[in-house]
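The structure file query22.pdb is reproduced below (PDB, C-alpha atoms, pLDDT in the B column).
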MODEL        1
ATOM      1  CA  PHE A 144     -15.925  -6.654  21.358  1.00 65.00           C
ATOM      2  CA  LEU A 145     -19.327  -8.321  21.388  1.00 66.00           C
ATOM      3  CA  SER A 146     -20.880  -5.517  23.429  1.00 68.00           C
ATOM      4  CA  ARG A 147     -19.895  -3.045  20.687  1.00 64.00           C
ATOM      5  CA  LEU A 148     -21.866  -5.110  18.184  1.00 64.00           C
ATOM      6  CA  SER A 149     -24.960  -5.436  20.378  1.00 66.00           C
ATOM      7  CA  SER A 150     -27.872  -3.035  19.953  1.00 67.00           C
ATOM      8  CA  THR A 151     -28.602  -3.080  23.702  1.00 69.00           C
ATOM      9  CA  ARG A 152     -25.685  -2.074  25.864  1.00 69.00           C
ATOM     10  CA  GLY A 153     -25.187  -2.364  29.577  1.00 75.00           C
ATOM     11  CA  GLN A 154     -23.977   0.484  31.710  1.00 81.00           C
ATOM     12  CA  LEU A 155     -20.598  -1.085  32.475  1.00 81.00           C
ATOM     13  CA  THR A 156     -19.869  -2.221  28.934  1.00 81.00           C
ATOM     14  CA  GLU A 157     -20.923   1.155  27.551  1.00 84.00           C
ATOM     15  CA  TRP A 158     -18.495   2.876  29.937  1.00 86.00           C
ATOM     16  CA  VAL A 159     -15.667   0.510  28.921  1.00 85.00           C
ATOM     17  CA  ASN A 160     -16.433   1.029  25.217  1.00 85.00           C
ATOM     18  CA  ALA A 161     -16.525   4.811  25.652  1.00 87.00           C
ATOM     19  CA  LEU A 162     -13.215   4.747  27.541  1.00 90.00           C
ATOM     20  CA  LEU A 163     -11.528   2.614  24.868  1.00 90.00           C
ATOM     21  CA  THR A 164     -12.968   4.721  22.047  1.00 90.00           C
ATOM     22  CA  GLN A 165     -11.840   8.002  23.590  1.00 93.00           C
ATOM     23  CA  THR A 166      -8.401   6.587  24.371  1.00 94.00           C
ATOM     24  CA  PHE A 167      -7.705   4.806  21.080  1.00 94.00           C
ATOM     25  CA  GLY A 168     -10.305   6.220  18.669  1.00 93.00           C
ATOM     26  CA  TRP A 169     -10.880   4.051  15.627  1.00 92.00           C
ATOM     27  CA  GLY A 170      -8.122   1.745  16.851  1.00 93.00           C
ATOM     28  CA  ALA A 171     -10.136   0.731  19.920  1.00 91.00           C
ATOM     29  CA  ILE A 172     -11.309  -2.418  18.158  1.00 89.00           C
ATOM     30  CA  ALA A 173      -7.767  -3.819  18.364  1.00 92.00           C
ATOM     31  CA  ILE A 174      -7.718  -3.774  22.183  1.00 91.00           C
ATOM     32  CA  PRO A 175     -10.367  -6.508  22.714  1.00 87.00           C
ATOM     33  CA  ILE A 176      -8.769  -8.552  19.933  1.00 90.00           C
ATOM     34  CA  ALA A 177      -5.368  -8.234  21.613  1.00 91.00           C
ATOM     35  CA  MET A 178      -6.895  -9.167  24.977  1.00 90.00           C
ATOM     36  CA  MET A 179      -8.461 -12.238  23.376  1.00 89.00           C
ATOM     37  CA  ALA A 180      -5.108 -13.254  21.865  1.00 89.00           C
ATOM     38  CA  ILE A 181      -3.393 -12.814  25.237  1.00 89.00           C
ATOM     39  CA  GLY A 182      -6.113 -14.891  26.910  1.00 87.00           C
ATOM     40  CA  ILE A 183      -5.697 -17.696  24.376  1.00 87.00           C
ATOM     41  CA  TRP A 184      -1.942 -17.572  24.881  1.00 84.00           C
ATOM     42  CA  LEU A 185      -2.355 -17.783  28.669  1.00 83.00           C
ATOM     43  CA  ILE A 186      -4.684 -20.774  28.347  1.00 84.00           C
ATOM     44  CA  ALA A 187      -2.322 -22.502  25.918  1.00 81.00           C
ATOM     45  CA  ARG A 188       0.575 -21.813  28.274  1.00 79.00           C
ATOM     46  CA  HIS A 189      -1.271 -23.258  31.246  1.00 79.00           C
ATOM     47  CA  PHE A 190      -2.579 -26.461  29.643  1.00 77.00           C
ATOM     48  CA  GLY A 191       0.159 -27.188  27.127  1.00 68.00           C
ATOM     49  CA  ASP A 192       3.361 -29.107  27.752  1.00 69.00           C
ATOM     50  CA  GLU A 193       5.445 -26.324  26.290  1.00 74.00           C
ATOM     51  CA  ALA A 194       4.309 -22.738  26.369  1.00 70.00           C
ATOM     52  CA  PRO A 195       4.288 -20.913  23.053  1.00 75.00           C
ATOM     53  CA  VAL A 196       7.077 -18.369  23.025  1.00 81.00           C
ATOM     54  CA  VAL A 197       6.496 -14.939  21.531  1.00 83.00           C
ATOM     55  CA  PRO A 198       9.744 -13.022  20.973  1.00 91.00           C
ATOM     56  CA  SER A 199       9.879  -9.629  22.646  1.00 93.00           C
ATOM     57  CA  THR A 200      10.985  -8.020  19.360  1.00 94.00           C
ATOM     58  CA  ARG A 201       7.737  -9.171  17.748  1.00 94.00           C
ATOM     59  CA  ILE A 202       5.679  -7.643  20.580  1.00 93.00           C
ATOM     60  CA  PHE A 203       7.683  -4.414  20.278  1.00 96.00           C
ATOM     61  CA  GLY A 204       6.985  -4.412  16.530  1.00 95.00           C
ATOM     62  CA  ILE A 205       3.257  -4.870  17.090  1.00 95.00           C
ATOM     63  CA  VAL A 206       3.223  -1.928  19.518  1.00 95.00           C
ATOM     64  CA  LEU A 207       5.148   0.269  17.038  1.00 96.00           C
ATOM     65  CA  LEU A 208       2.811  -0.734  14.233  1.00 96.00           C
ATOM     66  CA  TYR A 209      -0.246   0.037  16.381  1.00 97.00           C
ATOM     67  CA  ILE A 210       1.100   3.454  17.369  1.00 97.00           C
ATOM     68  CA  GLY A 211       1.864   4.223  13.714  1.00 96.00           C
ATOM     69  CA  VAL A 212      -1.672   3.228  12.736  1.00 96.00           C
ATOM     70  CA  LEU A 213      -3.146   5.473  15.467  1.00 96.00           C
ATOM     71  CA  ILE A 214      -1.119   8.438  14.208  1.00 96.00           C
ATOM     72  CA  LEU A 215      -2.198   7.740  10.616  1.00 95.00           C
ATOM     73  CA  MET A 216      -5.839   7.513  11.717  1.00 95.00           C
ATOM     74  CA  GLN A 217      -5.519  10.904  13.384  1.00 94.00           C
ATOM     75  CA  TYR A 218      -3.860  12.285  10.250  1.00 93.00           C
ATOM     76  CA  ILE A 219      -6.797  11.010   8.167  1.00 93.00           C
ATOM     77  CA  ASP A 220      -9.267  12.527  10.634  1.00 92.00           C
ATOM     78  CA  THR A 221      -7.628  15.949  10.253  1.00 89.00           C
ATOM     79  CA  TYR A 222      -9.005  16.144   6.712  1.00 85.00           C
ATOM     80  CA  SER A 223     -12.449  16.737   8.241  1.00 83.00           C
ATOM     81  CA  TYR A 224     -11.263  19.801  10.200  1.00 85.00           C
ATOM     82  CA  VAL A 225     -12.554  22.986   8.553  1.00 81.00           C
ATOM     83  CA  ASN A 226     -12.843  26.415  10.150  1.00 79.00           C
ATOM     84  CA  LYS A 227     -16.148  28.257   9.771  1.00 81.00           C
ATOM     85  CA  ASP A 228     -14.558  30.932   7.595  1.00 82.00           C
ATOM     86  CA  GLY A 229     -12.846  28.332   5.392  1.00 77.00           C
ATOM     87  CA  SER A 230      -9.339  29.244   6.566  1.00 77.00           C
ATOM     88  CA  LEU A 231      -6.619  26.736   7.305  1.00 79.00           C
ATOM     89  CA  VAL A 232      -6.520  25.135  10.737  1.00 82.00           C
ATOM     90  CA  THR A 233      -3.592  26.499  12.731  1.00 85.00           C
ATOM     91  CA  ILE A 234      -1.565  24.463  15.189  1.00 86.00           C
ATOM     92  CA  ASP A 235      -3.113  26.392  18.104  1.00 87.00           C
ATOM     93  CA  ALA A 236      -6.650  25.689  16.870  1.00 86.00           C
ATOM     94  CA  LEU A 237      -5.658  22.077  16.358  1.00 87.00           C
ATOM     95  CA  GLN A 238      -4.602  21.770  19.988  1.00 89.00           C
ATOM     96  CA  THR A 239      -7.375  23.771  21.637  1.00 90.00           C
ATOM     97  CA  VAL A 240     -10.385  23.041  19.411  1.00 89.00           C
ATOM     98  CA  TRP A 241     -10.107  20.206  16.934  1.00 90.00           C
ATOM     99  CA  LEU A 242      -8.192  17.519  18.816  1.00 92.00           C
ATOM    100  CA  PRO A 243     -10.415  17.742  21.943  1.00 93.00           C
ATOM    101  CA  ILE A 244     -13.470  17.414  19.671  1.00 92.00           C
ATOM    102  CA  SER A 245     -11.884  14.414  17.962  1.00 92.00           C
ATOM    103  CA  ILE A 246     -11.093  12.771  21.314  1.00 92.00           C
ATOM    104  CA  ALA A 247     -14.624  13.383  22.620  1.00 92.00           C
ATOM    105  CA  ARG A 248     -16.133  11.876  19.439  1.00 91.00           C
ATOM    106  CA  GLY A 249     -13.784   8.909  19.581  1.00 90.00           C
ATOM    107  CA  SER A 250     -12.603   9.481  16.029  1.00 90.00           C
ATOM    108  CA  GLY A 251      -9.131   9.375  14.578  1.00 91.00           C
ATOM    109  CA  GLY A 252      -6.520   7.886  16.870  1.00 93.00           C
ATOM    110  CA  GLY A 253      -8.270   8.867  20.109  1.00 94.00           C
ATOM    111  CA  TRP A 254      -6.348  10.492  22.950  1.00 96.00           C
ATOM    112  CA  VAL A 255      -3.166   8.536  22.214  1.00 96.00           C
ATOM    113  CA  GLY A 256      -3.165   9.226  18.466  1.00 95.00           C
ATOM    114  CA  ALA A 257      -4.202  12.868  18.877  1.00 95.00           C
ATOM    115  CA  ASN A 258      -1.445  13.696  21.349  1.00 95.00           C
ATOM    116  CA  LEU A 259       1.232  11.874  19.369  1.00 96.00           C
ATOM    117  CA  TYR A 260       0.014  13.489  16.148  1.00 95.00           C
ATOM    118  CA  PHE A 261       0.058  16.948  17.755  1.00 95.00           C
ATOM    119  CA  LEU A 262       3.564  16.330  19.109  1.00 95.00           C
ATOM    120  CA  LEU A 263       4.804  15.346  15.654  1.00 94.00           C
ATOM    121  CA  ALA A 264       2.836  18.008  13.753  1.00 92.00           C
ATOM    122  CA  SER A 265       3.958  20.822  16.049  1.00 93.00           C
ATOM    123  CA  ASN A 266       7.624  19.793  15.769  1.00 93.00           C
ATOM    124  CA  PHE A 267       7.920  18.353  12.251  1.00 92.00           C
ATOM    125  CA  THR A 268       4.895  19.815  10.393  1.00 90.00           C
ATOM    126  CA  GLU A 269       1.961  17.816   9.084  1.00 89.00           C
ATOM    127  CA  TYR A 270       4.034  16.111   6.397  1.00 91.00           C
ATOM    128  CA  GLY A 271       6.681  15.205   8.948  1.00 91.00           C
ATOM    129  CA  ALA A 272       3.988  13.661  11.158  1.00 91.00           C
ATOM    130  CA  PHE A 273       2.776  11.576   8.216  1.00 93.00           C
ATOM    131  CA  LEU A 274       6.292  10.446   7.342  1.00 94.00           C
ATOM    132  CA  SER A 275       6.992   9.626  10.998  1.00 94.00           C
ATOM    133  CA  ALA A 276       3.884   7.444  11.113  1.00 95.00           C
ATOM    134  CA  VAL A 277       4.954   5.669   7.915  1.00 94.00           C
ATOM    135  CA  PHE A 278       8.415   5.192   9.436  1.00 95.00           C
ATOM    136  CA  LEU A 279       6.822   3.601  12.517  1.00 95.00           C
ATOM    137  CA  LEU A 280       4.817   1.286  10.262  1.00 95.00           C
ATOM    138  CA  VAL A 281       7.927   0.226   8.361  1.00 94.00           C
ATOM    139  CA  VAL A 282      10.042  -0.313  11.481  1.00 95.00           C
ATOM    140  CA  GLY A 283       7.177  -2.141  13.208  1.00 95.00           C
ATOM    141  CA  THR A 284       6.810  -4.432  10.190  1.00 93.00           C
ATOM    142  CA  MET A 285      10.547  -5.098  10.227  1.00 94.00           C
ATOM    143  CA  PHE A 286      10.400  -6.089  13.904  1.00 95.00           C
ATOM    144  CA  ILE A 287       7.301  -8.258  13.452  1.00 94.00           C
ATOM    145  CA  LEU A 288       8.723 -10.149  10.465  1.00 92.00           C
ATOM    146  CA  SER A 289      12.310 -10.147  11.818  1.00 92.00           C
ATOM    147  CA  ILE A 290      13.719  -8.852   8.543  1.00 93.00           C
ATOM    148  CA  SER A 291      16.203  -6.146   7.629  1.00 92.00           C
ATOM    149  CA  ALA A 292      15.492  -2.999   5.667  1.00 90.00           C
ATOM    150  CA  ALA A 293      17.130  -4.501   2.564  1.00 92.00           C
ATOM    151  CA  GLU A 294      14.924  -7.591   2.758  1.00 93.00           C
ATOM    152  CA  LEU A 295      11.823  -5.432   3.220  1.00 89.00           C
ATOM    153  CA  ALA A 296      12.845  -3.323   0.219  1.00 90.00           C
ATOM    154  CA  MET A 297      13.280  -6.475  -1.880  1.00 93.00           C
ATOM    155  CA  ILE A 298       9.805  -7.669  -0.839  1.00 90.00           C
ATOM    156  CA  VAL A 299       8.213  -4.316  -1.689  1.00 89.00           C
ATOM    157  CA  ILE A 300      10.026  -4.140  -5.048  1.00 94.00           C
ATOM    158  CA  SER A 301       9.004  -7.699  -5.965  1.00 93.00           C
ATOM    159  CA  ILE A 302       5.376  -6.996  -5.044  1.00 93.00           C
ATOM    160  CA  GLY A 303       5.479  -3.814  -7.137  1.00 92.00           C
ATOM    161  CA  ARG A 304       6.911  -5.726 -10.094  1.00 94.00           C
ATOM    162  CA  SER A 305       4.269  -8.434  -9.716  1.00 94.00           C
ATOM    163  CA  PHE A 306       1.494  -5.827  -9.825  1.00 92.00           C
ATOM    164  CA  GLY A 307       3.113  -4.193 -12.859  1.00 92.00           C
ATOM    165  CA  ASP A 308       3.374  -7.547 -14.659  1.00 93.00           C
ATOM    166  CA  ALA A 309      -0.240  -8.399 -13.821  1.00 92.00           C
ATOM    167  CA  ARG A 310      -1.401  -5.012 -15.111  1.00 93.00           C
ATOM    168  CA  GLN A 311       0.570  -5.503 -18.327  1.00 93.00           C
ATOM    169  CA  ARG A 312      -0.884  -9.007 -18.889  1.00 92.00           C
ATOM    170  CA  ARG A 313      -4.398  -7.682 -18.264  1.00 91.00           C
ATOM    171  CA  ALA A 314      -3.840  -4.906 -20.818  1.00 88.00           C
ATOM    172  CA  GLN A 315      -2.563  -7.447 -23.382  1.00 88.00           C
ATOM    173  CA  ARG A 316      -5.615  -9.681 -22.849  1.00 86.00           C
ATOM    174  CA  ARG A 317      -7.891  -6.668 -23.234  1.00 83.00           C
ATOM    175  CA  VAL A 318      -6.222  -5.785 -26.539  1.00 79.00           C
ATOM    176  CA  GLN A 319      -6.527  -9.385 -27.765  1.00 81.00           C
ATOM    177  CA  THR A 320     -10.228  -9.602 -26.914  1.00 80.00           C
ATOM    178  CA  THR A 321     -11.110  -6.203 -28.396  1.00 78.00           C
ATOM    179  CA  ALA A 322      -8.925  -6.503 -31.555  1.00 73.00           C
ATOM    180  CA  PRO A 323     -11.493  -8.515 -33.622  1.00 75.00           C
ATOM    181  CA  ASP A 324     -14.279  -6.092 -32.682  1.00 72.00           C
ATOM    182  CA  LEU A 325     -12.057  -3.128 -33.594  1.00 70.00           C
ATOM    183  CA  GLU A 326     -11.195  -4.667 -36.995  1.00 75.00           C
ATOM    184  CA  GLN A 327     -14.867  -5.255 -37.736  1.00 76.00           C
ATOM    185  CA  LEU A 328     -15.780  -1.673 -36.798  1.00 74.00           C
ATOM    186  CA  THR A 329     -12.931  -0.332 -38.922  1.00 77.00           C
ATOM    187  CA  ALA A 330     -14.020  -2.426 -41.886  1.00 76.00           C
ATOM    188  CA  GLU A 331     -17.639  -1.253 -41.534  1.00 76.00           C
ATOM    189  CA  ALA A 332     -16.567   2.375 -41.325  1.00 75.00           C
ATOM    190  CA  ALA A 333     -14.296   2.048 -44.384  1.00 75.00           C
ATOM    191  CA  SER A 334     -16.881   0.349 -46.625  1.00 72.00           C
ATOM    192  CA  PRO A 335     -19.169   2.677 -48.605  1.00 66.00           C
ATOM    193  CA  ALA A 336     -22.756   2.663 -47.457  1.00 55.00           C
TER     194      ALA A 336
ENDMDL
END

Rendering of file as structure tokens:
Amino acid sequence: FLSRLSSTRGQLTEWVNALLTQTFGWGAIAIPIAMMAIGIWLIARHFGDEAPVVPSTRIFGIVLLYIGVLILMQYIDTYSYVNKDGSLVTIDALQTVWLPISIARGSGGGWVGANLYFLLASNFTEYGAFLSAVFLLVVGTMFILSISAAELAMIVISIGRSFGDARQRRAQRRVQTTAPDLEQLTAEAASPA
């Protein structure tokens, strides 16, 4: 993680960074963070009286969420794919031209995201790949938070209502603050000059 931020890079750290970037693309930053979290957990387990317990369902949810994010990153990267003649990118060109370029650049979801995206896009179309990635994000969130689909729906609906209420209150405040100015402008426009 720190070697990615440094302006001078060693040969070994540059090779590791290139490997992670080609494998996970934009999601490569999560690997050192995950390794740091695992290291802290191992230290806490060794020196503590009781080891912190991480449920396996939560770990499974984190992996699902990460895979969903990699697929979404690859989906976002596909917006930059344009043929020279301006035609649409076909599934064959995606596999033979664009995804290898994306993997070599370390963009999108890297090798993992590109192959999963191609698998989904070739079987379920581009929209199906997007919806599959969103499904993975939802299911991963459900596993991480240990909640059911109904509870997640209630959370999403309540957040949506809260944003709607906040937007409505902001609009009412805007009307209240601009009403005196509007009355003054109306009065000036109505009075003869």

Shell of 10 Å around segment 200-209 of chain A, only C-alpha atoms, local chain residues under 4 positions omitted, as JSON, numbers by chain: {"A": [170, 173, 213, 214, 215, 256, 276, 277, 278, 279, 280, 281, 282, 283, 284, 285, 286, 287, 288, 289]}

Can you tell me, as a compact mmCIF listing (two decimals) with C-alpha atoms, in the coordinates of the input, what residues are no more than 12 Å from Ser223 of chain A when counting all atoms listed in the file, ignoring any on the same chain fewer than 5 positions away?
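The result, written out as out28.txt:
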# COMPACT_ATOMS: atom_id res chain seq x y z
CA MET A 216 -5.84 7.51 11.72
CA GLN A 217 -5.52 10.90 13.38
CA TYR A 218 -3.86 12.28 10.25
CA GLY A 229 -12.85 28.33 5.39
CA LEU A 231 -6.62 26.74 7.30
CA VAL A 232 -6.52 25.14 10.74
CA LEU A 237 -5.66 22.08 16.36
CA TRP A 241 -10.11 20.21 16.93
CA LEU A 242 -8.19 17.52 18.82
CA ILE A 244 -13.47 17.41 19.67
CA SER A 245 -11.88 14.41 17.96
CA SER A 250 -12.60 9.48 16.03
CA GLY A 251 -9.13 9.38 14.58

Would you compute the distance between atom CA of Glu193 of chain A and atom CA of Ile181 of chain A? Give it in Å to one decimal. 16.2 Å

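Interatomic distance, atom CA of Ala180 of chain A against atom CA of Trp158 of chain A: 22.5 Å.
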
From the options A:Ser230, A:Val212, A:Arg304, A:Ile246, which residue's atoms come nearest to Phe273 of chain A, counting all atoms listed in the file? A:Val212

What is the distance, in Å and to one decimal place, between atom CA of Leu263 of chain A and atom CA of Ile234 of chain A? 11.1 Å

So for segment 291-305 of chain A, what box centre and size do we get, axis-aligned, 8 Å extra on each of the six sides, every listed atom, Å to one decimal, as AutoDock Vina command-line options?
--center_x 10.7 --center_y -5.7 --center_z -1.2 --size_x 28.9 --size_y 21.4 --size_z 33.7

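Closest approach to Thr166 of chain A among A:Ala257, A:Leu325, A:Ile183, A:Glu269 is made by A:Ala257 (distances from all atoms listed in the file).
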
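Using all atoms listed in the file, the smallest distance between any of A:Ala187, A:Met179, A:Asp220, A:Pro195 and Arg248 of chain A comes from A:Asp220.
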
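Take the candidates A:Ile186, A:Ala293, A:Leu163, A:Val225 and check each one against Ala247 of chain A using all atoms listed in the file; the shortest distance goes to A:Leu163.
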